[in-house]
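> Next comes data19.txt, compact mmCIF, N, CA and C atoms:
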```txt
# COMPACT_ATOMS: atom_id res chain seq x y z
N MET R 271 -40.91 55.42 33.44
CA MET R 271 -39.84 54.68 32.79
C MET R 271 -39.66 53.35 33.52
N MET R 272 -39.43 52.32 32.73
CA MET R 272 -39.24 50.98 33.27
C MET R 272 -37.90 50.47 32.79
N GLU R 273 -37.16 49.79 33.65
CA GLU R 273 -35.87 49.22 33.25
C GLU R 273 -35.89 47.71 33.49
N VAL R 274 -35.46 46.97 32.46
CA VAL R 274 -35.40 45.51 32.55
C VAL R 274 -34.06 45.03 32.02
N ASN R 275 -33.66 43.83 32.43
CA ASN R 275 -32.43 43.27 31.88
C ASN R 275 -32.75 42.53 30.58
N ILE R 276 -31.72 42.12 29.87
CA ILE R 276 -31.92 41.49 28.56
C ILE R 276 -32.74 40.21 28.68
N HIS R 277 -32.49 39.41 29.69
CA HIS R 277 -33.25 38.17 29.86
C HIS R 277 -34.74 38.47 30.02
N GLU R 278 -35.07 39.44 30.86
CA GLU R 278 -36.48 39.83 31.05
C GLU R 278 -37.07 40.34 29.74
N ALA R 279 -36.28 41.12 29.00
CA ALA R 279 -36.77 41.67 27.73
C ALA R 279 -37.08 40.55 26.74
N LYS R 280 -36.21 39.55 26.67
CA LYS R 280 -36.46 38.42 25.77
C LYS R 280 -37.70 37.64 26.20
N THR R 281 -37.86 37.47 27.49
CA THR R 281 -38.97 36.69 28.01
C THR R 281 -40.31 37.40 27.85
N HIS R 282 -40.30 38.72 28.00
CA HIS R 282 -41.55 39.50 28.03
C HIS R 282 -41.61 40.55 26.93
N LEU R 283 -40.99 40.28 25.78
CA LEU R 283 -40.91 41.29 24.72
C LEU R 283 -42.28 41.80 24.30
N SER R 284 -43.24 40.92 24.09
CA SER R 284 -44.57 41.36 23.65
C SER R 284 -45.19 42.32 24.66
N ARG R 285 -45.07 42.01 25.93
CA ARG R 285 -45.61 42.86 26.99
C ARG R 285 -44.90 44.22 27.02
N LEU R 286 -43.58 44.20 26.83
CA LEU R 286 -42.82 45.45 26.83
C LEU R 286 -43.19 46.32 25.63
N ILE R 287 -43.41 45.69 24.49
CA ILE R 287 -43.83 46.45 23.31
C ILE R 287 -45.18 47.10 23.56
N GLU R 288 -46.09 46.38 24.17
CA GLU R 288 -47.41 46.96 24.49
C GLU R 288 -47.27 48.17 25.41
N ARG R 289 -46.37 48.09 26.37
CA ARG R 289 -46.16 49.22 27.29
C ARG R 289 -45.57 50.41 26.53
N ALA R 290 -44.63 50.13 25.61
CA ALA R 290 -44.05 51.21 24.81
C ALA R 290 -45.11 51.84 23.92
N LEU R 291 -45.97 51.01 23.32
CA LEU R 291 -47.04 51.54 22.48
C LEU R 291 -48.01 52.40 23.28
N ALA R 292 -48.13 52.12 24.57
CA ALA R 292 -49.01 52.90 25.44
C ALA R 292 -48.34 54.21 25.87
N GLY R 293 -47.07 54.42 25.46
CA GLY R 293 -46.39 55.67 25.76
C GLY R 293 -45.31 55.57 26.81
N GLU R 294 -45.12 54.40 27.39
CA GLU R 294 -44.10 54.25 28.43
C GLU R 294 -42.74 53.99 27.78
N GLU R 295 -41.70 54.54 28.38
CA GLU R 295 -40.34 54.30 27.91
C GLU R 295 -39.79 53.08 28.64
N VAL R 296 -39.25 52.12 27.89
CA VAL R 296 -38.69 50.91 28.48
C VAL R 296 -37.20 50.89 28.18
N ILE R 297 -36.39 50.80 29.23
CA ILE R 297 -34.94 50.75 29.08
C ILE R 297 -34.51 49.30 29.25
N ILE R 298 -33.67 48.82 28.34
CA ILE R 298 -33.12 47.47 28.45
C ILE R 298 -31.65 47.61 28.84
N ALA R 299 -31.28 46.90 29.91
CA ALA R 299 -29.93 47.01 30.46
C ALA R 299 -29.16 45.70 30.27
N LYS R 300 -27.86 45.86 30.11
CA LYS R 300 -26.95 44.71 30.02
C LYS R 300 -25.95 44.85 31.16
N SER R 301 -25.90 43.87 32.02
CA SER R 301 -25.02 43.91 33.20
C SER R 301 -25.27 45.16 34.03
N GLY R 302 -26.53 45.56 34.11
CA GLY R 302 -26.90 46.72 34.93
C GLY R 302 -26.71 48.07 34.25
N ASN R 303 -26.18 48.08 33.03
CA ASN R 303 -25.96 49.34 32.31
C ASN R 303 -27.00 49.49 31.20
N PRO R 304 -27.73 50.60 31.18
CA PRO R 304 -28.73 50.82 30.13
C PRO R 304 -28.06 50.84 28.75
N VAL R 305 -28.62 50.05 27.82
CA VAL R 305 -28.03 49.99 26.47
C VAL R 305 -29.04 50.26 25.37
N VAL R 306 -30.34 50.07 25.65
CA VAL R 306 -31.36 50.24 24.61
C VAL R 306 -32.58 50.90 25.21
N ARG R 307 -33.19 51.80 24.42
CA ARG R 307 -34.45 52.43 24.84
C ARG R 307 -35.53 51.99 23.87
N LEU R 308 -36.61 51.43 24.40
CA LEU R 308 -37.74 50.97 23.60
C LEU R 308 -38.85 52.00 23.75
N VAL R 309 -39.18 52.66 22.65
CA VAL R 309 -40.23 53.70 22.68
C VAL R 309 -41.09 53.57 21.43
N ARG R 310 -42.29 54.11 21.52
CA ARG R 310 -43.20 54.13 20.37
C ARG R 310 -42.66 55.11 19.33
N ILE R 311 -42.79 54.75 18.07
CA ILE R 311 -42.39 55.65 16.97
C ILE R 311 -43.54 56.61 16.73
N GLU R 312 -43.23 57.88 16.73
CA GLU R 312 -44.24 58.91 16.47
C GLU R 312 -44.15 59.32 15.00
N TYR R 313 -45.22 59.12 14.28
CA TYR R 313 -45.27 59.51 12.87
C TYR R 313 -45.97 60.85 12.74
N ALA R 314 -45.40 61.71 11.93
CA ALA R 314 -46.05 62.99 11.67
C ALA R 314 -47.24 62.76 10.74
N LYS R 315 -48.34 63.39 11.04
CA LYS R 315 -49.50 63.29 10.18
C LYS R 315 -49.32 64.26 9.01
N PRO R 316 -49.39 63.76 7.77
CA PRO R 316 -49.24 64.66 6.63
C PRO R 316 -50.44 65.61 6.55
N GLU R 317 -50.13 66.85 6.25
CA GLU R 317 -51.19 67.85 6.12
C GLU R 317 -51.68 67.88 4.68
N LEU R 318 -52.97 67.85 4.49
CA LEU R 318 -53.55 67.92 3.17
C LEU R 318 -53.16 69.25 2.52
N GLY R 319 -52.60 69.19 1.34
CA GLY R 319 -52.19 70.40 0.62
C GLY R 319 -50.82 70.91 1.00
N SER R 320 -50.05 70.14 1.77
CA SER R 320 -48.75 70.63 2.23
C SER R 320 -47.73 70.77 1.10
N ALA R 321 -47.98 70.14 -0.07
CA ALA R 321 -47.06 70.25 -1.20
C ALA R 321 -47.53 71.28 -2.22
N ALA R 322 -48.57 72.02 -1.89
CA ALA R 322 -49.12 72.99 -2.83
C ALA R 322 -48.05 73.99 -3.26
N GLY R 323 -47.94 74.19 -4.57
CA GLY R 323 -47.00 75.17 -5.11
C GLY R 323 -45.58 74.66 -5.24
N GLN R 324 -45.31 73.43 -4.87
CA GLN R 324 -43.95 72.90 -4.93
C GLN R 324 -43.62 72.26 -6.28
N PHE R 325 -44.62 72.01 -7.10
CA PHE R 325 -44.38 71.46 -8.43
C PHE R 325 -45.54 71.84 -9.34
N THR R 326 -45.29 71.72 -10.65
CA THR R 326 -46.34 72.01 -11.62
C THR R 326 -46.48 70.83 -12.57
N LEU R 327 -47.65 70.66 -13.10
CA LEU R 327 -47.92 69.59 -14.06
C LEU R 327 -48.15 70.20 -15.43
N LYS R 328 -47.64 69.52 -16.46
CA LYS R 328 -47.84 70.00 -17.82
C LYS R 328 -49.30 69.85 -18.21
N LYS R 329 -49.73 70.75 -19.09
CA LYS R 329 -51.10 70.68 -19.58
C LYS R 329 -51.30 69.35 -20.30
N GLY R 330 -52.40 68.70 -20.02
CA GLY R 330 -52.71 67.42 -20.65
C GLY R 330 -52.07 66.23 -19.96
N TRP R 331 -51.51 66.41 -18.77
CA TRP R 331 -50.86 65.31 -18.06
C TRP R 331 -51.81 64.14 -17.79
N ASP R 332 -53.09 64.44 -17.74
CA ASP R 332 -54.06 63.40 -17.43
C ASP R 332 -54.82 62.90 -18.66
N ALA R 333 -54.33 63.27 -19.85
CA ALA R 333 -54.99 62.83 -21.09
C ALA R 333 -54.80 61.33 -21.26
N PRO R 334 -55.80 60.65 -21.79
CA PRO R 334 -55.68 59.20 -21.98
C PRO R 334 -54.57 58.87 -22.96
N LEU R 335 -53.90 57.75 -22.74
CA LEU R 335 -52.85 57.29 -23.64
C LEU R 335 -53.45 56.41 -24.73
N THR R 336 -52.81 56.43 -25.88
CA THR R 336 -53.25 55.53 -26.96
C THR R 336 -52.74 54.12 -26.66
N ASP R 337 -53.30 53.14 -27.37
CA ASP R 337 -52.85 51.76 -27.19
C ASP R 337 -51.36 51.64 -27.50
N GLY R 338 -50.90 52.36 -28.52
CA GLY R 338 -49.48 52.32 -28.89
C GLY R 338 -48.59 52.90 -27.80
N GLU R 339 -49.04 53.98 -27.18
CA GLU R 339 -48.25 54.59 -26.10
C GLU R 339 -48.17 53.65 -24.89
N ILE R 340 -49.27 53.00 -24.59
CA ILE R 340 -49.28 52.06 -23.47
C ILE R 340 -48.36 50.89 -23.77
N ALA R 341 -48.44 50.34 -24.98
CA ALA R 341 -47.57 49.22 -25.37
C ALA R 341 -46.11 49.63 -25.28
N GLY R 342 -45.80 50.86 -25.67
CA GLY R 342 -44.43 51.36 -25.62
C GLY R 342 -43.86 51.40 -24.22
N LEU R 343 -44.71 51.55 -23.23
CA LEU R 343 -44.24 51.57 -21.84
C LEU R 343 -43.74 50.20 -21.39
N PHE R 344 -44.18 49.14 -22.06
CA PHE R 344 -43.80 47.79 -21.67
C PHE R 344 -42.71 47.19 -22.55
N GLU R 345 -42.32 47.90 -23.60
CA GLU R 345 -41.27 47.42 -24.49
C GLU R 345 -39.93 47.92 -24.00
N ARG R 346 -38.92 47.14 -24.31
CA ARG R 346 -37.57 47.54 -23.89
C ARG R 346 -36.80 48.13 -25.01
```
Just give me the structure as structure tokens.


Amino acid sequence: MMEVNIHEAKTHLSRLIERALAGEEVIIAKSGNPVVRLVRIEYAKPELGSAAGQFTLKKGWDAPLTDGEIAGLFER
């Protein structure tokens, strides 16, 4: 963990972001009191097939549309 004051954070923001992306936690302090934590955002990897069985599609959902049906989608 690294702690910096606001002035240092403003001056070296790009460097601090790189450290956070590398997995380090960066604390930004104001008047010596920690106020912000800079950390990498962890995204969950979606699992292939994770929505299986949660919805159904009507038969023919992938049938081609006629020109009239397509035009109707753009009319108000």

> From a backbone DSSP assignment, name each residue in chain R labelled alpha helix (DSSP H), as a ChimeraX atom specification.

/R:276-281,283-291,337-344

> In terms of the shortest atom-to-atom distance over only C-alpha atoms, which of R:His277, R:Gln324, R:Leu286, R:Lys329 is closest to Arg310 of chain R?

R:Leu286

> So the first atom is atom C of Ala290 of chain R and the second is atom C of Asn303 of chain R; what is the distance between them in Å, to one decimal place?

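Taking atom C of Ala290 of chain R as the start and atom C of Asn303 of chain R as the end point, the length is 19.7 Å.
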
> Select from chain R everything DSSP, run on the backbone, classes as strand (DSSP E), then give the selection as a list in words.

Met272, Glu273, Val274, Asn275, Val296, Ile297, Ile298, Ala299, Lys300, Asn303, Pro304, Val305, Val306, Arg307 and Leu308 of chain R

> If we count all atoms listed in the file and set the cut-off at 8 Å, which residues sit around Val274 of chain R, ignoring sequence neighbours fewer than 2 positions away in its own chain? Please answer as a list in words.

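With the cut-off at 8 Å, the set is Met271, Met272, Ile276, His277, Glu278, Ala279, Lys280, Val296, Ile297, Ile298, Ala299, Lys300 and Gly302 of chain R.
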
> Please measure the separation of atom CA of Leu283 of chain R and atom CA of Tyr313 of chain R, giving the value in Å to one decimal.

22.2 Å

> Have a look at atom C of Glu295 of chain R and atom C of Lys315 of chain R and let me know their distance in Å, one decimal.

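These atoms are spaced 24.5 Å apart.
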
> Give me the residues near Ile287 of chain R as a ChimeraX atom specification, where near means some atom within 8 Å (using all atoms listed in the file) and where sequence neighbours in that chain fewer than 4 positions away do not count.

/R:282-283,291-293,308-310

> Given the selection you just returned, output its residues as a file containing N, CA and C atoms, formatted as a CSV table (one decimal), in the frame of the given file.


```csv
chain,number,residue,atom,x,y,z
R,282,HIS,N,-40.3,38.7,28.0
R,282,HIS,CA,-41.6,39.5,28.0
R,282,HIS,C,-41.6,40.6,26.9
R,283,LEU,N,-41.0,40.3,25.8
R,283,LEU,CA,-40.9,41.3,24.7
R,283,LEU,C,-42.3,41.8,24.3
R,291,LEU,N,-46.0,51.0,23.3
R,291,LEU,CA,-47.0,51.5,22.5
R,291,LEU,C,-48.0,52.4,23.3
R,292,ALA,N,-48.1,52.1,24.6
R,292,ALA,CA,-49.0,52.9,25.4
R,292,ALA,C,-48.3,54.2,25.9
R,293,GLY,N,-47.1,54.4,25.5
R,293,GLY,CA,-46.4,55.7,25.8
R,293,GLY,C,-45.3,55.6,26.8
R,308,LEU,N,-36.6,51.4,24.4
R,308,LEU,CA,-37.7,51.0,23.6
R,308,LEU,C,-38.8,52.0,23.8
R,309,VAL,N,-39.2,52.7,22.6
R,309,VAL,CA,-40.2,53.7,22.7
R,309,VAL,C,-41.1,53.6,21.4
R,310,ARG,N,-42.3,54.1,21.5
R,310,ARG,CA,-43.2,54.1,20.4
R,310,ARG,C,-42.7,55.1,19.3
```
